[in-house]
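Asker: Coordinates in data_13.pdb, PDB, C-alpha atoms, are listed below.
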MODEL        1
ATOM      1  CA  MET L  13      -0.041 -19.880 -31.361
ATOM      2  CA  SER L  14       3.579 -20.874 -30.975
ATOM      3  CA  THR L  15       4.696 -23.901 -28.997
ATOM      4  CA  ILE L  16       6.246 -21.673 -26.340
ATOM      5  CA  GLU L  17       3.005 -19.721 -25.906
ATOM      6  CA  LYS L  18       1.007 -22.950 -25.632
ATOM      7  CA  ILE L  19       3.387 -24.381 -23.011
ATOM      8  CA  GLN L  20       3.290 -21.117 -21.034
ATOM      9  CA  GLU L  21      -0.524 -21.128 -21.138
ATOM     10  CA  GLU L  22      -0.633 -24.733 -19.890
ATOM     11  CA  LEU L  23       1.847 -23.884 -17.127
ATOM     12  CA  ASP L  24      -0.256 -20.888 -16.069
ATOM     13  CA  VAL L  25      -3.349 -23.106 -15.843
ATOM     14  CA  LEU L  26      -1.498 -25.716 -13.770
ATOM     15  CA  LEU L  27      -0.150 -23.088 -11.390
ATOM     16  CA  ASN L  28      -3.609 -21.605 -10.908
ATOM     17  CA  GLU L  29      -5.102 -25.042 -10.233
ATOM     18  CA  THR L  30      -2.507 -25.947  -7.593
ATOM     19  CA  ARG L  31      -2.954 -22.644  -5.744
ATOM     20  CA  LYS L  32      -6.729 -22.558  -5.624
ATOM     21  CA  HIS L  33      -7.159 -23.200  -1.884
ATOM     22  CA  GLU L  34      -6.975 -20.589   0.834
ATOM     23  CA  ILE L  35      -7.231 -20.338   4.598
ATOM     24  CA  VAL L  36      -9.998 -17.970   5.625
ATOM     25  CA  LEU L  37      -9.778 -16.528   9.123
ATOM     26  CA  HIS L  38     -13.077 -15.520  10.756
ATOM     27  CA  ASN L  39     -13.708 -12.847  13.355
ATOM     28  CA  ASP L  40     -14.385 -13.790  16.953
ATOM     29  CA  GLU L  41     -14.907 -11.818  20.122
ATOM     30  CA  VAL L  42     -12.363 -13.829  22.119
ATOM     31  CA  ASN L  43      -8.832 -13.315  20.788
ATOM     32  CA  THR L  44      -6.912 -10.052  21.016
ATOM     33  CA  PHE L  45      -5.430  -8.249  18.032
ATOM     34  CA  ASP L  46      -1.919  -8.956  19.302
ATOM     35  CA  PHE L  47      -2.612 -12.679  19.678
ATOM     36  CA  VAL L  48      -4.060 -12.953  16.161
ATOM     37  CA  ILE L  49      -1.153 -10.971  14.701
ATOM     38  CA  ASP L  50       1.411 -13.167  16.480
ATOM     39  CA  SER L  51      -0.419 -16.303  15.334
ATOM     40  CA  LEU L  52      -0.423 -15.208  11.686
ATOM     41  CA  VAL L  53       3.280 -14.354  11.826
ATOM     42  CA  THR L  54       4.127 -17.714  13.381
ATOM     43  CA  VAL L  55       1.744 -20.050  11.548
ATOM     44  CA  CYS L  56       1.282 -18.382   8.154
ATOM     45  CA  ASP L  57       4.746 -16.810   7.806
ATOM     46  CA  HIS L  58       3.269 -13.310   7.526
ATOM     47  CA  THR L  59       5.306 -10.173   7.957
ATOM     48  CA  LEU L  60       4.204  -8.027  10.878
ATOM     49  CA  GLU L  61       2.550  -5.547   8.521
ATOM     50  CA  GLN L  62       0.726  -8.260   6.580
ATOM     51  CA  ALA L  63      -0.544  -9.846   9.802
ATOM     52  CA  GLU L  64      -1.759  -6.466  11.085
ATOM     53  CA  GLN L  65      -3.616  -5.758   7.837
ATOM     54  CA  CYS L  66      -5.284  -9.186   7.822
ATOM     55  CA  THR L  67      -6.284  -8.782  11.472
ATOM     56  CA  ILE L  68      -7.899  -5.424  10.756
ATOM     57  CA  LEU L  69      -9.767  -6.877   7.764
ATOM     58  CA  VAL L  70     -11.003  -9.787   9.868
ATOM     59  CA  HIS L  71     -12.193  -7.388  12.550
ATOM     60  CA  TYR L  72     -14.077  -5.049  10.220
ATOM     61  CA  LYS L  73     -15.142  -7.383   7.389
ATOM     62  CA  GLY L  74     -15.728 -10.537   9.444
ATOM     63  CA  LYS L  75     -13.235 -12.683   7.558
ATOM     64  CA  CYS L  76     -10.084 -12.560   5.448
ATOM     65  CA  ALA L  77      -8.104 -14.986   3.295
ATOM     66  CA  VAL L  78      -4.793 -15.214   5.140
ATOM     67  CA  LYS L  79      -2.900 -17.856   3.130
ATOM     68  CA  THR L  80      -3.229 -19.258  -0.391
ATOM     69  CA  GLY L  81      -1.627 -22.416  -1.718
ATOM     70  CA  GLU L  82      -1.855 -26.151  -2.079
ATOM     71  CA  TYR L  83      -4.174 -28.005   0.271
ATOM     72  CA  LYS L  84      -1.368 -30.189   1.643
ATOM     73  CA  ASP L  85       0.511 -27.054   2.762
ATOM     74  CA  LEU L  86      -2.556 -25.283   4.137
ATOM     75  CA  GLU L  87      -4.055 -28.156   6.153
ATOM     76  CA  PRO L  88      -1.413 -28.239   8.929
ATOM     77  CA  ARG L  89      -1.397 -24.440   9.108
ATOM     78  CA  CYS L  90      -5.172 -24.289   9.438
ATOM     79  CA  SER L  91      -5.080 -27.013  12.085
ATOM     80  CA  LYS L  92      -2.519 -25.006  14.069
ATOM     81  CA  LEU L  93      -4.689 -21.880  13.881
ATOM     82  CA  LEU L  94      -7.631 -23.923  15.175
ATOM     83  CA  GLU L  95      -5.485 -25.360  17.988
ATOM     84  CA  LEU L  96      -4.618 -21.795  18.984
ATOM     85  CA  GLY L  97      -8.333 -21.051  19.348
ATOM     86  CA  LEU L  98      -8.801 -19.076  16.139
ATOM     87  CA  SER L  99     -11.707 -19.632  13.782
ATOM     88  CA  ALA L 100     -10.379 -20.686  10.373
ATOM     89  CA  GLU L 101     -11.295 -22.884   7.441
ATOM     90  CA  ILE L 102      -9.830 -23.972   4.122
ATOM     91  CA  VAL L 103     -11.883 -23.061   1.065
TER      92      VAL L 103
ENDMDL
END
Represent the structure of the file as structure tokens.

Answerer:
Amino acid sequence: MSTIEKIQEELDVLLNETRKHEIVLHNDEVNTFDFVIDSLVTVCDHTLEQAEQCTILVHYKGKCAVKTGEYKDLEPRCSKLLELGLSAEIV
């Protein structure tokens, strides 16, 4: 294995380790589709289409990972979703 390949492999491992957390949004019977979509666009920087797809998955599957990244970036976003009355957690 060349030095470049070894460095790239180590970089890949580090990137995977720093992005291992995700915000999972859970279904509820309280919030409307439009409210959840708007919240994901505002809080998680989703596009409208991405927010719609996540909202549909949450509705039919019960939950959906809506944002992946470092914990320090996800924590304030998850807190904001909770403040808005959504059911979310970081895993």

Asker: Determine the residue set returned by the PyMOL selection byres ((chain L and resi 69) around 12) for the present structure, and present it as a PDB file with C-alpha atoms, in the frame of the given file.

Answerer:
ATOM      1  CA  VAL L  36      -9.998 -17.970   5.625  1.00  0.00           C
ATOM      2  CA  LEU L  37      -9.778 -16.528   9.123  1.00  0.00           C
ATOM      3  CA  HIS L  38     -13.077 -15.520  10.756  1.00  0.00           C
ATOM      4  CA  ASN L  39     -13.708 -12.847  13.355  1.00  0.00           C
ATOM      5  CA  PHE L  45      -5.430  -8.249  18.032  1.00  0.00           C
ATOM      6  CA  VAL L  48      -4.060 -12.953  16.161  1.00  0.00           C
ATOM      7  CA  ILE L  49      -1.153 -10.971  14.701  1.00  0.00           C
ATOM      8  CA  GLN L  62       0.726  -8.260   6.580  1.00  0.00           C
ATOM      9  CA  ALA L  63      -0.544  -9.846   9.802  1.00  0.00           C
ATOM     10  CA  GLU L  64      -1.759  -6.466  11.085  1.00  0.00           C
ATOM     11  CA  GLN L  65      -3.616  -5.758   7.837  1.00  0.00           C
ATOM     12  CA  CYS L  66      -5.284  -9.186   7.822  1.00  0.00           C
ATOM     13  CA  THR L  67      -6.284  -8.782  11.472  1.00  0.00           C
ATOM     14  CA  ILE L  68      -7.899  -5.424  10.756  1.00  0.00           C
ATOM     15  CA  VAL L  70     -11.003  -9.787   9.868  1.00  0.00           C
ATOM     16  CA  HIS L  71     -12.193  -7.388  12.550  1.00  0.00           C
ATOM     17  CA  TYR L  72     -14.077  -5.049  10.220  1.00  0.00           C
ATOM     18  CA  LYS L  73     -15.142  -7.383   7.389  1.00  0.00           C
ATOM     19  CA  GLY L  74     -15.728 -10.537   9.444  1.00  0.00           C
ATOM     20  CA  LYS L  75     -13.235 -12.683   7.558  1.00  0.00           C
ATOM     21  CA  CYS L  76     -10.084 -12.560   5.448  1.00  0.00           C
ATOM     22  CA  ALA L  77      -8.104 -14.986   3.295  1.00  0.00           C
ATOM     23  CA  VAL L  78      -4.793 -15.214   5.140  1.00  0.00           C
TER      24      VAL L  78
END

Asker: Neighbours of Gly97 (chain L) within 10 Å (all atoms listed in the file; same-chain residues fewer than 5 positions away dropped), as a PyMOL selection string?

Answerer: chain L and resi 40+42-43+48+91-92

Asker: Quote the spacing between CA of Thr80 (chain L) and CA of Lys32 (chain L) in Å to one decimal place.

Answerer: 7.1 Å

Asker: Excluding Cys90 (chain L) and residues on its chain fewer than 4 positions from it, collect all residues at most 8 Å away from it, counting all atoms listed in the file, and give them as a ChimeraX atom specification.

Answerer: /L:35,86,94,100-102

Asker: For CA of Arg89 (chain L) and CA of Val55 (chain L), quote the distance in Å rounded to one decimal.

Answerer: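 Between these atoms lies a distance of 5.9 Å.
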
Asker: What does the distance from CA of Glu82 (chain L) to CA of Lys18 (chain L) come to in Å, to one decimal?

Answerer: 23.9 Å

Asker: Please, which residues are within 7 Å of (-4.0, -17.9, 18.5) by the file's coordinates, counting all atoms listed in the file, and could they come as an mmCIF file with C-alpha atoms, in the coordinates of the input?

Answerer:
data_model
loop_
_atom_site.group_PDB
_atom_site.id
_atom_site.type_symbol
_atom_site.label_atom_id
_atom_site.label_comp_id
_atom_site.auth_asym_id
_atom_site.auth_seq_id
_atom_site.Cartn_x
_atom_site.Cartn_y
_atom_site.Cartn_z
ATOM 1 C CA PHE L 47 -2.612 -12.679 19.678
ATOM 2 C CA VAL L 48 -4.060 -12.953 16.161
ATOM 3 C CA SER L 51 -0.419 -16.303 15.334
ATOM 4 C CA LEU L 93 -4.689 -21.880 13.881
ATOM 5 C CA LEU L 96 -4.618 -21.795 18.984
ATOM 6 C CA GLY L 97 -8.333 -21.051 19.348
ATOM 7 C CA LEU L 98 -8.801 -19.076 16.139
#

Asker: Using only the atoms of region 88-97 of chain L listed in the file, plus 3 Å on each side, state the axis-aligned box centre and edge lengths in Å rounded to one decimal, as AutoDock Vina command-line options.

Answerer:
--center_x -4.9 --center_y -24.6 --center_z 14.1 --size_x 12.9 --size_y 13.2 --size_z 16.4
